[in-house]
Each structure stands twice: as structure tokens, then as C-alpha cells.
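To be precise, the following lines are run_7.txt, and they hold compact mmCIF, N, CA and C atoms and all ligand atoms.
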```
# COMPACT_ATOMS: atom_id res chain seq x y z
N MET A 271 0.82 -1.20 0.00
CA MET A 271 0.00 0.00 0.00
C MET A 271 0.86 1.27 0.00
N ILE A 272 1.84 1.31 0.91
CA ILE A 272 2.62 2.54 1.07
C ILE A 272 3.59 2.71 -0.10
N GLY A 273 3.67 3.95 -0.60
CA GLY A 273 4.56 4.24 -1.71
C GLY A 273 5.71 5.12 -1.26
N ARG A 274 6.12 6.04 -2.11
CA ARG A 274 7.29 6.86 -1.81
C ARG A 274 6.96 7.94 -0.77
N LEU A 275 8.01 8.45 -0.14
CA LEU A 275 7.87 9.59 0.78
C LEU A 275 7.67 10.84 -0.07
N ASP A 276 6.55 11.53 0.12
CA ASP A 276 6.32 12.76 -0.65
C ASP A 276 6.94 13.96 0.05
N HIS A 277 6.68 14.11 1.35
CA HIS A 277 7.31 15.21 2.07
C HIS A 277 7.32 14.96 3.57
N VAL A 278 8.14 15.73 4.23
CA VAL A 278 8.19 15.81 5.70
C VAL A 278 7.76 17.23 6.04
N ALA A 279 6.83 17.39 6.98
CA ALA A 279 6.31 18.71 7.30
C ALA A 279 6.82 19.17 8.67
N ILE A 280 7.28 20.41 8.69
CA ILE A 280 7.80 21.03 9.91
C ILE A 280 6.94 22.25 10.20
N ALA A 281 6.39 22.30 11.40
CA ALA A 281 5.53 23.43 11.79
C ALA A 281 6.38 24.49 12.48
N VAL A 282 6.16 25.74 12.10
CA VAL A 282 6.94 26.86 12.63
C VAL A 282 6.00 28.04 12.91
N THR A 283 6.50 29.02 13.65
CA THR A 283 5.67 30.20 13.92
C THR A 283 5.72 31.19 12.76
N ASP A 284 6.82 31.19 11.99
CA ASP A 284 7.01 32.19 10.94
C ASP A 284 7.64 31.50 9.72
N VAL A 285 6.82 31.31 8.71
CA VAL A 285 7.27 30.52 7.57
C VAL A 285 8.32 31.26 6.72
N GLU A 286 8.25 32.59 6.67
CA GLU A 286 9.27 33.36 5.93
C GLU A 286 10.64 33.19 6.58
N SER A 287 10.64 33.27 7.90
CA SER A 287 11.89 33.12 8.62
C SER A 287 12.45 31.70 8.46
N ALA A 288 11.57 30.71 8.53
CA ALA A 288 12.00 29.32 8.35
C ALA A 288 12.54 29.09 6.93
N ALA A 289 11.88 29.68 5.94
CA ALA A 289 12.33 29.54 4.55
C ALA A 289 13.70 30.19 4.38
N ALA A 290 13.89 31.35 5.02
CA ALA A 290 15.19 32.02 4.92
C ALA A 290 16.28 31.17 5.56
N THR A 291 15.96 30.50 6.64
CA THR A 291 16.95 29.61 7.29
C THR A 291 17.34 28.48 6.35
N TYR A 292 16.36 27.83 5.74
CA TYR A 292 16.67 26.73 4.82
C TYR A 292 17.44 27.23 3.60
N ARG A 293 17.07 28.43 3.11
CA ARG A 293 17.74 28.98 1.93
C ARG A 293 19.16 29.43 2.25
N ASP A 294 19.31 30.19 3.34
CA ASP A 294 20.59 30.85 3.59
C ASP A 294 21.57 29.95 4.35
N LEU A 295 21.06 29.16 5.28
CA LEU A 295 21.94 28.32 6.08
C LEU A 295 22.24 27.00 5.39
N LEU A 296 21.22 26.44 4.70
CA LEU A 296 21.40 25.12 4.09
C LEU A 296 21.53 25.19 2.57
N GLY A 297 21.34 26.37 1.99
CA GLY A 297 21.47 26.49 0.54
C GLY A 297 20.36 25.80 -0.22
N ALA A 298 19.17 25.72 0.38
CA ALA A 298 18.07 25.00 -0.25
C ALA A 298 17.28 25.89 -1.20
N ARG A 299 16.63 25.25 -2.17
CA ARG A 299 15.68 25.94 -3.05
C ARG A 299 14.33 25.97 -2.34
N VAL A 300 13.78 27.17 -2.15
CA VAL A 300 12.50 27.29 -1.44
C VAL A 300 11.49 28.01 -2.32
N SER A 301 10.21 27.64 -2.16
CA SER A 301 9.14 28.25 -2.94
C SER A 301 8.66 29.53 -2.28
N GLU A 302 7.78 30.25 -2.96
CA GLU A 302 7.08 31.36 -2.33
C GLU A 302 6.04 30.81 -1.35
N PRO A 303 5.71 31.57 -0.29
CA PRO A 303 4.66 31.11 0.63
C PRO A 303 3.31 31.01 -0.08
N LYS A 304 2.53 30.03 0.35
CA LYS A 304 1.22 29.79 -0.26
C LYS A 304 0.22 29.50 0.86
N ALA A 305 -0.94 30.18 0.82
CA ALA A 305 -1.98 29.97 1.84
C ALA A 305 -2.88 28.81 1.43
N LEU A 306 -3.06 27.87 2.36
CA LEU A 306 -3.97 26.75 2.13
C LEU A 306 -5.12 26.91 3.13
N PHE A 307 -6.18 27.59 2.68
CA PHE A 307 -7.25 27.95 3.62
C PHE A 307 -7.96 26.72 4.17
N GLU A 308 -8.15 25.72 3.31
CA GLU A 308 -8.88 24.53 3.76
C GLU A 308 -8.14 23.82 4.89
N GLN A 309 -6.80 23.91 4.88
CA GLN A 309 -6.01 23.23 5.90
C GLN A 309 -5.56 24.17 7.02
N GLY A 310 -5.85 25.47 6.90
CA GLY A 310 -5.50 26.40 7.97
C GLY A 310 -4.01 26.60 8.14
N VAL A 311 -3.26 26.58 7.03
CA VAL A 311 -1.80 26.77 7.12
C VAL A 311 -1.30 27.60 5.94
N ARG A 312 -0.17 28.26 6.15
CA ARG A 312 0.62 28.84 5.05
C ARG A 312 1.86 28.00 4.91
N VAL A 313 2.22 27.66 3.69
CA VAL A 313 3.32 26.73 3.50
C VAL A 313 4.38 27.28 2.54
N VAL A 314 5.59 26.82 2.76
CA VAL A 314 6.70 27.00 1.82
C VAL A 314 7.27 25.62 1.57
N PHE A 315 7.56 25.30 0.33
CA PHE A 315 8.16 24.01 0.02
C PHE A 315 9.65 24.17 -0.21
N VAL A 316 10.40 23.28 0.39
CA VAL A 316 11.84 23.19 0.19
C VAL A 316 12.05 21.98 -0.73
N GLU A 317 12.60 22.23 -1.92
CA GLU A 317 12.76 21.15 -2.89
C GLU A 317 14.12 20.48 -2.71
N LEU A 318 14.10 19.20 -2.40
CA LEU A 318 15.33 18.42 -2.32
C LEU A 318 15.36 17.45 -3.49
N ASP A 319 16.52 16.82 -3.73
CA ASP A 319 16.62 15.91 -4.86
C ASP A 319 15.64 14.75 -4.76
N ASN A 320 15.48 14.21 -3.55
CA ASN A 320 14.69 12.99 -3.44
C ASN A 320 13.35 13.16 -2.73
N THR A 321 13.09 14.36 -2.21
CA THR A 321 11.79 14.59 -1.56
C THR A 321 11.65 16.09 -1.33
N ARG A 322 10.69 16.49 -0.56
CA ARG A 322 10.60 17.91 -0.22
C ARG A 322 10.21 18.06 1.25
N ILE A 323 10.52 19.22 1.77
CA ILE A 323 10.16 19.58 3.13
C ILE A 323 9.08 20.66 3.03
N GLU A 324 8.04 20.48 3.81
CA GLU A 324 6.95 21.45 3.83
C GLU A 324 7.08 22.23 5.14
N LEU A 325 7.41 23.51 5.03
CA LEU A 325 7.44 24.38 6.20
C LEU A 325 6.07 25.02 6.31
N MET A 326 5.46 24.99 7.48
CA MET A 326 4.11 25.54 7.57
C MET A 326 3.91 26.31 8.86
N GLU A 327 3.14 27.40 8.73
CA GLU A 327 2.78 28.21 9.90
C GLU A 327 1.26 28.25 9.99
N PRO A 328 0.74 28.50 11.21
CA PRO A 328 -0.71 28.56 11.37
C PRO A 328 -1.32 29.69 10.55
N LEU A 329 -2.48 29.45 9.98
CA LEU A 329 -3.24 30.46 9.23
C LEU A 329 -4.61 30.55 9.89
N GLY A 330 -4.88 31.66 10.57
CA GLY A 330 -6.17 31.84 11.22
C GLY A 330 -6.20 31.24 12.62
N ASP A 331 -7.18 31.70 13.40
CA ASP A 331 -7.26 31.31 14.81
C ASP A 331 -7.59 29.83 14.98
N ALA A 332 -8.29 29.25 14.02
CA ALA A 332 -8.73 27.86 14.15
C ALA A 332 -7.75 26.89 13.50
N SER A 333 -6.54 27.38 13.21
CA SER A 333 -5.58 26.50 12.53
C SER A 333 -5.31 25.24 13.35
N PRO A 334 -5.29 24.08 12.69
CA PRO A 334 -5.02 22.83 13.41
C PRO A 334 -3.59 22.74 13.95
N ILE A 335 -2.69 23.63 13.51
CA ILE A 335 -1.33 23.57 14.04
C ILE A 335 -1.04 24.70 15.03
N ALA A 336 -2.06 25.50 15.39
CA ALA A 336 -1.84 26.62 16.32
C ALA A 336 -1.33 26.14 17.67
N ALA A 337 -1.97 25.13 18.24
CA ALA A 337 -1.56 24.63 19.56
C ALA A 337 -0.16 24.01 19.48
N PHE A 338 0.12 23.34 18.36
CA PHE A 338 1.43 22.69 18.19
C PHE A 338 2.57 23.71 18.26
N VAL A 339 2.47 24.81 17.51
CA VAL A 339 3.57 25.79 17.51
C VAL A 339 3.59 26.60 18.81
N GLU A 340 2.45 26.65 19.49
CA GLU A 340 2.46 27.29 20.80
C GLU A 340 3.29 26.46 21.78
N ARG A 341 3.16 25.14 21.69
CA ARG A 341 3.96 24.24 22.54
C ARG A 341 5.42 24.22 22.12
N LYS A 342 5.66 24.44 20.80
CA LYS A 342 7.03 24.35 20.27
C LYS A 342 7.36 25.61 19.50
N PRO A 343 7.66 26.69 20.21
CA PRO A 343 7.89 27.97 19.52
C PRO A 343 9.11 27.96 18.59
N ASP A 344 10.02 27.03 18.78
CA ASP A 344 11.17 26.92 17.86
C ASP A 344 10.82 26.14 16.60
N GLY A 345 9.61 25.58 16.55
CA GLY A 345 9.22 24.72 15.44
C GLY A 345 9.46 23.27 15.79
N GLY A 346 8.89 22.37 14.99
CA GLY A 346 9.08 20.95 15.25
C GLY A 346 8.50 20.10 14.14
N LEU A 347 8.93 18.83 14.13
CA LEU A 347 8.44 17.87 13.14
C LEU A 347 6.95 17.64 13.34
N HIS A 348 6.16 17.86 12.31
CA HIS A 348 4.71 17.77 12.45
C HIS A 348 4.11 16.51 11.83
N HIS A 349 4.46 16.20 10.60
CA HIS A 349 3.97 14.95 9.98
C HIS A 349 4.86 14.52 8.83
N VAL A 350 4.67 13.26 8.44
CA VAL A 350 5.32 12.76 7.23
C VAL A 350 4.22 12.36 6.26
N CYS A 351 4.50 12.46 4.97
CA CYS A 351 3.48 12.19 3.95
C CYS A 351 3.96 11.10 3.00
N TYR A 352 3.19 10.03 2.94
CA TYR A 352 3.49 8.91 2.05
C TYR A 352 2.48 8.87 0.92
N GLU A 353 2.93 8.47 -0.24
CA GLU A 353 2.01 8.29 -1.36
C GLU A 353 1.30 6.94 -1.27
N VAL A 354 0.07 6.95 -1.74
CA VAL A 354 -0.66 5.70 -1.95
C VAL A 354 -1.30 5.79 -3.34
N ASP A 355 -1.52 4.63 -3.96
CA ASP A 355 -2.11 4.64 -5.31
C ASP A 355 -3.58 5.05 -5.28
N ASP A 356 -4.30 4.57 -4.29
CA ASP A 356 -5.75 4.78 -4.25
C ASP A 356 -6.12 5.18 -2.82
N ILE A 357 -6.49 6.43 -2.64
CA ILE A 357 -6.67 6.94 -1.27
C ILE A 357 -7.91 6.36 -0.61
N ILE A 358 -8.92 6.08 -1.38
CA ILE A 358 -10.13 5.49 -0.79
C ILE A 358 -9.87 4.05 -0.36
N ALA A 359 -9.16 3.31 -1.19
CA ALA A 359 -8.82 1.92 -0.82
C ALA A 359 -7.92 1.92 0.41
N ALA A 360 -6.96 2.87 0.48
CA ALA A 360 -6.06 2.95 1.63
C ALA A 360 -6.85 3.28 2.89
N ARG A 361 -7.76 4.25 2.77
CA ARG A 361 -8.59 4.62 3.93
C ARG A 361 -9.42 3.44 4.42
N ASP A 362 -10.05 2.75 3.50
CA ASP A 362 -10.92 1.64 3.89
C ASP A 362 -10.11 0.51 4.52
N HIS A 363 -8.92 0.28 3.99
CA HIS A 363 -8.03 -0.73 4.57
C HIS A 363 -7.67 -0.35 6.02
N LEU A 364 -7.31 0.91 6.23
CA LEU A 364 -6.92 1.36 7.57
C LEU A 364 -8.10 1.31 8.54
N LEU A 365 -9.25 1.79 8.09
CA LEU A 365 -10.43 1.76 8.96
C LEU A 365 -10.80 0.32 9.31
N GLY A 366 -10.68 -0.55 8.34
CA GLY A 366 -11.00 -1.96 8.57
C GLY A 366 -10.07 -2.60 9.58
N ALA A 367 -8.83 -2.06 9.68
CA ALA A 367 -7.85 -2.59 10.63
C ALA A 367 -7.94 -1.86 11.98
N GLY A 368 -8.91 -0.93 12.12
CA GLY A 368 -9.11 -0.27 13.39
C GLY A 368 -8.36 1.04 13.55
N ALA A 369 -7.67 1.50 12.52
CA ALA A 369 -6.96 2.79 12.60
C ALA A 369 -7.97 3.93 12.45
N ARG A 370 -7.60 5.08 13.02
CA ARG A 370 -8.49 6.24 12.97
C ARG A 370 -8.00 7.25 11.93
N ILE A 371 -8.95 7.74 11.15
CA ILE A 371 -8.68 8.79 10.17
C ILE A 371 -9.18 10.10 10.78
N LEU A 372 -8.39 11.16 10.70
CA LEU A 372 -8.81 12.44 11.28
C LEU A 372 -9.93 13.07 10.46
N GLY A 373 -10.71 13.91 11.12
CA GLY A 373 -11.80 14.62 10.44
C GLY A 373 -12.95 13.68 10.15
N ASP A 374 -13.66 13.95 9.06
CA ASP A 374 -14.85 13.16 8.75
C ASP A 374 -14.55 11.95 7.87
N GLY A 375 -13.26 11.71 7.63
CA GLY A 375 -12.88 10.53 6.85
C GLY A 375 -12.88 10.76 5.35
N GLN A 376 -13.30 11.96 4.95
CA GLN A 376 -13.28 12.27 3.51
C GLN A 376 -11.95 12.93 3.16
N PRO A 377 -11.34 12.56 2.03
CA PRO A 377 -10.07 13.19 1.64
C PRO A 377 -10.24 14.70 1.42
N LEU A 378 -9.19 15.45 1.78
CA LEU A 378 -9.11 16.89 1.52
C LEU A 378 -8.25 17.10 0.28
N MET A 379 -8.34 18.32 -0.28
CA MET A 379 -7.43 18.67 -1.36
C MET A 379 -6.12 19.16 -0.71
N GLY A 380 -5.03 18.48 -1.00
CA GLY A 380 -3.76 18.82 -0.37
C GLY A 380 -3.04 19.95 -1.09
N ALA A 381 -1.85 20.24 -0.60
CA ALA A 381 -1.07 21.36 -1.11
C ALA A 381 -0.64 21.18 -2.57
N HIS A 382 -0.65 19.96 -3.06
CA HIS A 382 -0.16 19.70 -4.42
C HIS A 382 -1.29 19.36 -5.37
N GLY A 383 -2.53 19.72 -4.98
CA GLY A 383 -3.67 19.46 -5.84
C GLY A 383 -4.03 17.99 -5.91
N LYS A 384 -3.59 17.23 -4.91
CA LYS A 384 -3.92 15.81 -4.85
C LYS A 384 -4.70 15.54 -3.57
N ARG A 385 -5.46 14.46 -3.56
CA ARG A 385 -6.30 14.17 -2.40
C ARG A 385 -5.45 13.58 -1.26
N VAL A 386 -5.73 14.06 -0.06
CA VAL A 386 -4.96 13.62 1.11
C VAL A 386 -5.91 13.29 2.26
N LEU A 387 -5.41 12.50 3.20
CA LEU A 387 -6.04 12.37 4.50
C LEU A 387 -4.99 12.05 5.55
N PHE A 388 -5.39 12.21 6.81
CA PHE A 388 -4.44 12.08 7.91
C PHE A 388 -4.86 10.92 8.81
N VAL A 389 -3.86 10.15 9.23
CA VAL A 389 -4.09 9.00 10.11
C VAL A 389 -3.67 9.40 11.53
N HIS A 390 -4.45 9.02 12.51
CA HIS A 390 -4.18 9.39 13.90
C HIS A 390 -2.81 8.88 14.33
N PRO A 391 -2.01 9.76 14.98
CA PRO A 391 -0.66 9.32 15.39
C PRO A 391 -0.66 8.14 16.35
N LYS A 392 -1.69 7.99 17.15
CA LYS A 392 -1.72 6.86 18.08
C LYS A 392 -1.80 5.53 17.35
N ASP A 393 -2.22 5.57 16.10
CA ASP A 393 -2.33 4.32 15.32
C ASP A 393 -1.12 4.09 14.41
N LEU A 394 -0.15 5.05 14.40
CA LEU A 394 1.02 4.88 13.53
C LEU A 394 2.29 5.33 14.24
N CYS A 395 2.63 4.62 15.30
CA CYS A 395 3.94 4.79 15.94
C CYS A 395 4.18 6.21 16.46
N GLY A 396 3.09 6.88 16.88
CA GLY A 396 3.25 8.19 17.48
C GLY A 396 3.58 9.30 16.50
N THR A 397 3.37 9.04 15.22
CA THR A 397 3.69 10.04 14.19
C THR A 397 2.43 10.34 13.37
N LEU A 398 2.12 11.61 13.21
CA LEU A 398 1.01 11.98 12.34
C LEU A 398 1.42 11.68 10.90
N VAL A 399 0.59 10.91 10.21
CA VAL A 399 0.90 10.50 8.83
C VAL A 399 -0.17 11.03 7.89
N GLU A 400 0.30 11.70 6.85
CA GLU A 400 -0.57 12.15 5.76
C GLU A 400 -0.42 11.15 4.62
N LEU A 401 -1.53 10.73 4.08
CA LEU A 401 -1.50 9.88 2.89
C LEU A 401 -1.94 10.73 1.72
N GLN A 402 -1.22 10.64 0.62
CA GLN A 402 -1.54 11.44 -0.56
C GLN A 402 -1.69 10.51 -1.75
N GLU A 403 -2.75 10.72 -2.49
CA GLU A 403 -2.96 9.89 -3.68
C GLU A 403 -1.92 10.24 -4.73
N ALA A 404 -1.28 9.25 -5.27
CA ALA A 404 -0.17 9.50 -6.21
C ALA A 404 -0.68 10.07 -7.52
CO CO B 1 1.70 17.60 4.37
```

Step by step, read the file and then write its structure as C-alpha cells.
Amino acid sequence: MIGRLDHVAIAVTDVESAAATYRDLLGARVSEPKALFEQGVRVVFVELDNTRIELMEPLGDASPIAAFVERKPDGGLHHVCYEVDDIIAARDHLLGAGARILGDGQPLMGAHGKRVLFVHPKDLCGTLVELQEA
């Protein structure tokens, strides 16, 4: 079921500052910030040869990552994203095995125009996992 690693997401309080750190300190290629209203975040993508890093800051008071960055003002690892061929089949497989899908179980439109959903960290080794349809 699980395919390639699409991205690793790091939550920060200030995405411009985080992007500047990746660009200036690590010499990374970074995108312009982009607001994802449905997910309540602003993101910058760091393009690496074999994957990408998603830097994200809270967007709006109801952002799902607001409490996270409040607990970790320096930023921190938020989730990893794996590709799957068929997101509905993957969801049904996970639900059938007793894993919990966040939200109402319906895929959201992700940052790359592909359907995504999130699996509860308690069901996947303490790590929030995003699944993205390839
Ligand atoms: Co993500």
C-alpha cells in the first residue's frame, strides 16, 4: 500500500523566517509562501533531490497547528506524507484494521492538488501520517 515519501512537514511560527533559514543556512531551493485555507496553514516548500520539506505556519485562529507551535515555539516535526495509489482503498483498509482517520474521513485537497487524509498518530507509531494519492 505505502509508496514513496512525498514530504516531511515542519511546523513553525514564521514561515518566511524558516524559509530564509533553509535557503541561507542550508542552501536549499524554497518556494514562495502559499496559503492553504482549507487546511489552515501557510506553506513554503523546500525542494530536495529525493523529496521535499513542507514548512508551515498557522493560518487563522482555528488553525489545526496553532496549539502545536504554541507548545514548540522553535518549530518541530509535524507529519510525514506517504504516497498511496488509491486513497479510498487505503482509507478503507486502515479503517478496517481499526486505525483512525482524522476529520470526517473524507479526503481533503492537499497542497499539491492531490487528495490527502491524515491518520491518527496513536495508530502509527506516534507520528502523524498524511497519505496522498499518487
Ligand atoms: Co503535508

So that I can see what lies close to A:Asp393, please list as a tab-separated table (two decimals) with N, CA and C atoms, in the frame of the given file the residues with an atom at most 8 Å from it, counting all atoms listed in the file and leaving out residues fewer than 6 positions away in the same chain.
```
chain	number	residue	atom	x	y	z
A	368	GLY	N	-8.91	-0.93	12.12
A	368	GLY	CA	-9.11	-0.27	13.39
A	368	GLY	C	-8.36	1.04	13.55
A	369	ALA	N	-7.67	1.50	12.52
A	369	ALA	CA	-6.96	2.79	12.60
A	369	ALA	C	-7.97	3.93	12.45
A	370	ARG	N	-7.60	5.08	13.02
A	370	ARG	CA	-8.49	6.24	12.97
A	370	ARG	C	-8.00	7.25	11.93
```

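Using all atoms listed in the file for every distance, the candidate list A:Ala289, A:Ala279, A:Met271, A:Ala298 yields A:Ala279 as the residue closest to ligand CO 1 (chain B).
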
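Remark: for ligand CO 1 (chain B), the closest of the candidate residues A:Glu286, A:Glu324, A:Glu353, A:Asp294 is A:Glu324 (distances computed over only N, CA and C atoms and all ligand atoms).
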
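Atom C of A:Leu275 to atom CA of A:Val311 spans 19.9 Å [interatomic distance, one decimal].
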
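Residues surrounding A:Arg312 within 5 Å are Lys304, Ala305, Leu306, Met326, Glu327, Pro328 and Leu329 of chain A [all atoms listed in the file; sequence separation below 4 positions excluded].
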
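Each of A:Ile357, A:Leu347, A:Phe315, A:Gln309 was checked against A:Gly380 using all atoms listed in the file; the smallest atom-to-atom distance is that of A:Gln309.
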
Let me have all residues with an atom within 7 Å of ligand CO 1 (chain B), counting only N, CA and C atoms and all ligand atoms, laid out as a PDB file with N, CA and C atoms, keeping the file's coordinate frame.
```
ATOM      1  N   HIS A 277       6.680  14.110   1.350  1.00  0.00           N
ATOM      2  CA  HIS A 277       7.310  15.210   2.070  1.00  0.00           C
ATOM      3  C   HIS A 277       7.320  14.960   3.570  1.00  0.00           C
ATOM      4  N   VAL A 278       8.140  15.730   4.230  1.00  0.00           N
ATOM      5  CA  VAL A 278       8.190  15.810   5.700  1.00  0.00           C
ATOM      6  C   VAL A 278       7.760  17.230   6.040  1.00  0.00           C
ATOM      7  N   ALA A 279       6.830  17.390   6.980  1.00  0.00           N
ATOM      8  CA  ALA A 279       6.310  18.710   7.300  1.00  0.00           C
ATOM      9  C   ALA A 279       6.820  19.170   8.670  1.00  0.00           C
ATOM     10  N   GLU A 324       8.040  20.480   3.810  1.00  0.00           N
ATOM     11  CA  GLU A 324       6.950  21.450   3.830  1.00  0.00           C
ATOM     12  C   GLU A 324       7.080  22.230   5.140  1.00  0.00           C
ATOM     13  N   HIS A 349       4.460  16.200  10.600  1.00  0.00           N
ATOM     14  CA  HIS A 349       3.970  14.950   9.980  1.00  0.00           C
ATOM     15  C   HIS A 349       4.860  14.520   8.830  1.00  0.00           C
ATOM     16  N   VAL A 350       4.670  13.260   8.440  1.00  0.00           N
ATOM     17  CA  VAL A 350       5.320  12.760   7.230  1.00  0.00           C
ATOM     18  C   VAL A 350       4.220  12.360   6.260  1.00  0.00           C
ATOM     19  N   CYS A 351       4.500  12.460   4.970  1.00  0.00           N
ATOM     20  CA  CYS A 351       3.480  12.190   3.950  1.00  0.00           C
ATOM     21  C   CYS A 351       3.960  11.100   3.000  1.00  0.00           C
ATOM     22  N   ALA A 381      -1.850  20.240  -0.600  1.00  0.00           N
ATOM     23  CA  ALA A 381      -1.070  21.360  -1.110  1.00  0.00           C
ATOM     24  C   ALA A 381      -0.640  21.180  -2.570  1.00  0.00           C
ATOM     25  N   GLU A 400       0.300  11.700   6.850  1.00  0.00           N
ATOM     26  CA  GLU A 400      -0.570  12.150   5.760  1.00  0.00           C
ATOM     27  C   GLU A 400      -0.420  11.150   4.620  1.00  0.00           C
TER      28      GLU A 400
END
```

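Shortest separation to A:Gln402 among A:Ala367, A:Gly383, A:Tyr352, A:Leu372 occurs at residue A:Tyr352, atoms counted being all atoms listed in the file.
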
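Across the model, the gap from atom N of A:Thr321 to atom N of A:Glu302 is 16.8 Å.
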
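Excluding A:Asp356 itself and same-chain residues fewer than 3 positions from it, the residues having an atom within 7 Å of it are A:Glu353, A:Ala359, A:Ala360, A:Arg361, A:Gln402, A:Glu403, A:Ala404, counting only N, CA and C atoms.
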
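Taking atom CA of A:Leu394 and atom CA of A:Val285 as endpoints, the distance between them is 27.1 Å.
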
Going by DSSP on the backbone, which residues of chain A come out as strand (DSSP E)? List them as number ranges by chain.
A: 275-281, 299-300, 304-306, 311-317, 322-328, 346-354, 378-379, 385-389, 399-403

Requested write-out: N, CA and C atoms of the selected residues, as a short mmCIF file (atom, residue, chain, number, x, y, z; two decimals), keeping the file's coordinate frame:
```cif
data_model
loop_
_atom_site.label_atom_id
_atom_site.label_comp_id
_atom_site.auth_asym_id
_atom_site.auth_seq_id
_atom_site.Cartn_x
_atom_site.Cartn_y
_atom_site.Cartn_z
N LEU A 275 8.01 8.45 -0.14
CA LEU A 275 7.87 9.59 0.78
C LEU A 275 7.67 10.84 -0.07
N ASP A 276 6.55 11.53 0.12
CA ASP A 276 6.32 12.76 -0.65
C ASP A 276 6.94 13.96 0.05
N HIS A 277 6.68 14.11 1.35
CA HIS A 277 7.31 15.21 2.07
C HIS A 277 7.32 14.96 3.57
N VAL A 278 8.14 15.73 4.23
CA VAL A 278 8.19 15.81 5.70
C VAL A 278 7.76 17.23 6.04
N ALA A 279 6.83 17.39 6.98
CA ALA A 279 6.31 18.71 7.30
C ALA A 279 6.82 19.17 8.67
N ILE A 280 7.28 20.41 8.69
CA ILE A 280 7.80 21.03 9.91
C ILE A 280 6.94 22.25 10.20
N ALA A 281 6.39 22.30 11.40
CA ALA A 281 5.53 23.43 11.79
C ALA A 281 6.38 24.49 12.48
N ARG A 299 16.63 25.25 -2.17
CA ARG A 299 15.68 25.94 -3.05
C ARG A 299 14.33 25.97 -2.34
N VAL A 300 13.78 27.17 -2.15
CA VAL A 300 12.50 27.29 -1.44
C VAL A 300 11.49 28.01 -2.32
N LYS A 304 2.53 30.03 0.35
CA LYS A 304 1.22 29.79 -0.26
C LYS A 304 0.22 29.50 0.86
N ALA A 305 -0.94 30.18 0.82
CA ALA A 305 -1.98 29.97 1.84
C ALA A 305 -2.88 28.81 1.43
N LEU A 306 -3.06 27.87 2.36
CA LEU A 306 -3.97 26.75 2.13
C LEU A 306 -5.12 26.91 3.13
N VAL A 311 -3.26 26.58 7.03
CA VAL A 311 -1.80 26.77 7.12
C VAL A 311 -1.30 27.60 5.94
N ARG A 312 -0.17 28.26 6.15
CA ARG A 312 0.62 28.84 5.05
C ARG A 312 1.86 28.00 4.91
N VAL A 313 2.22 27.66 3.69
CA VAL A 313 3.32 26.73 3.50
C VAL A 313 4.38 27.28 2.54
N VAL A 314 5.59 26.82 2.76
CA VAL A 314 6.70 27.00 1.82
C VAL A 314 7.27 25.62 1.57
N PHE A 315 7.56 25.30 0.33
CA PHE A 315 8.16 24.01 0.02
C PHE A 315 9.65 24.17 -0.21
N VAL A 316 10.40 23.28 0.39
CA VAL A 316 11.84 23.19 0.19
C VAL A 316 12.05 21.98 -0.73
N GLU A 317 12.60 22.23 -1.92
CA GLU A 317 12.76 21.15 -2.89
C GLU A 317 14.12 20.48 -2.71
N ARG A 322 10.69 16.49 -0.56
CA ARG A 322 10.60 17.91 -0.22
C ARG A 322 10.21 18.06 1.25
N ILE A 323 10.52 19.22 1.77
CA ILE A 323 10.16 19.58 3.13
C ILE A 323 9.08 20.66 3.03
N GLU A 324 8.04 20.48 3.81
CA GLU A 324 6.95 21.45 3.83
C GLU A 324 7.08 22.23 5.14
N LEU A 325 7.41 23.51 5.03
CA LEU A 325 7.44 24.38 6.20
C LEU A 325 6.07 25.02 6.31
N MET A 326 5.46 24.99 7.48
CA MET A 326 4.11 25.54 7.57
C MET A 326 3.91 26.31 8.86
N GLU A 327 3.14 27.40 8.73
CA GLU A 327 2.78 28.21 9.90
C GLU A 327 1.26 28.25 9.99
N PRO A 328 0.74 28.50 11.21
CA PRO A 328 -0.71 28.56 11.37
C PRO A 328 -1.32 29.69 10.55
N GLY A 346 8.89 22.37 14.99
CA GLY A 346 9.08 20.95 15.25
C GLY A 346 8.50 20.10 14.14
N LEU A 347 8.93 18.83 14.13
CA LEU A 347 8.44 17.87 13.14
C LEU A 347 6.95 17.64 13.34
N HIS A 348 6.16 17.86 12.31
CA HIS A 348 4.71 17.77 12.45
C HIS A 348 4.11 16.51 11.83
N HIS A 349 4.46 16.20 10.60
CA HIS A 349 3.97 14.95 9.98
C HIS A 349 4.86 14.52 8.83
N VAL A 350 4.67 13.26 8.44
CA VAL A 350 5.32 12.76 7.23
C VAL A 350 4.22 12.36 6.26
N CYS A 351 4.50 12.46 4.97
CA CYS A 351 3.48 12.19 3.95
C CYS A 351 3.96 11.10 3.00
N TYR A 352 3.19 10.03 2.94
CA TYR A 352 3.49 8.91 2.05
C TYR A 352 2.48 8.87 0.92
N GLU A 353 2.93 8.47 -0.24
CA GLU A 353 2.01 8.29 -1.36
C GLU A 353 1.30 6.94 -1.27
N VAL A 354 0.07 6.95 -1.74
CA VAL A 354 -0.66 5.70 -1.95
C VAL A 354 -1.30 5.79 -3.34
N LEU A 378 -9.19 15.45 1.78
CA LEU A 378 -9.11 16.89 1.52
C LEU A 378 -8.25 17.10 0.28
N MET A 379 -8.34 18.32 -0.28
CA MET A 379 -7.43 18.67 -1.36
C MET A 379 -6.12 19.16 -0.71
N ARG A 385 -5.46 14.46 -3.56
CA ARG A 385 -6.30 14.17 -2.40
C ARG A 385 -5.45 13.58 -1.26
N VAL A 386 -5.73 14.06 -0.06
CA VAL A 386 -4.96 13.62 1.11
C VAL A 386 -5.91 13.29 2.26
N LEU A 387 -5.41 12.50 3.20
CA LEU A 387 -6.04 12.37 4.50
C LEU A 387 -4.99 12.05 5.55
N PHE A 388 -5.39 12.21 6.81
CA PHE A 388 -4.44 12.08 7.91
C PHE A 388 -4.86 10.92 8.81
N VAL A 389 -3.86 10.15 9.23
CA VAL A 389 -4.09 9.00 10.11
C VAL A 389 -3.67 9.40 11.53
N VAL A 399 0.59 10.91 10.21
CA VAL A 399 0.90 10.50 8.83
C VAL A 399 -0.17 11.03 7.89
N GLU A 400 0.30 11.70 6.85
CA GLU A 400 -0.57 12.15 5.76
C GLU A 400 -0.42 11.15 4.62
N LEU A 401 -1.53 10.73 4.08
CA LEU A 401 -1.50 9.88 2.89
C LEU A 401 -1.94 10.73 1.72
N GLN A 402 -1.22 10.64 0.62
CA GLN A 402 -1.54 11.44 -0.56
C GLN A 402 -1.69 10.51 -1.75
N GLU A 403 -2.75 10.72 -2.49
CA GLU A 403 -2.96 9.89 -3.68
C GLU A 403 -1.92 10.24 -4.73
#
```

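Taking only N, CA and C atoms into account, A:Val316 lies nearest to A:Ser301 out of the set A:Ser301, A:Gly373, A:Val339, A:Ala332.
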
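Among the candidate residues A:Pro391, A:Pro377, A:His382, A:Gly297, the one lying nearest to A:Val314 is A:His382, with distances computed using only C-alpha atoms.
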
As a ChimeraX atom specification, list the residues of chain A assigned to helix (DSSP H, G or I) by DSSP on the backbone atoms of this structure.
/A:285-296,307-309,336-341,357-366,391-393
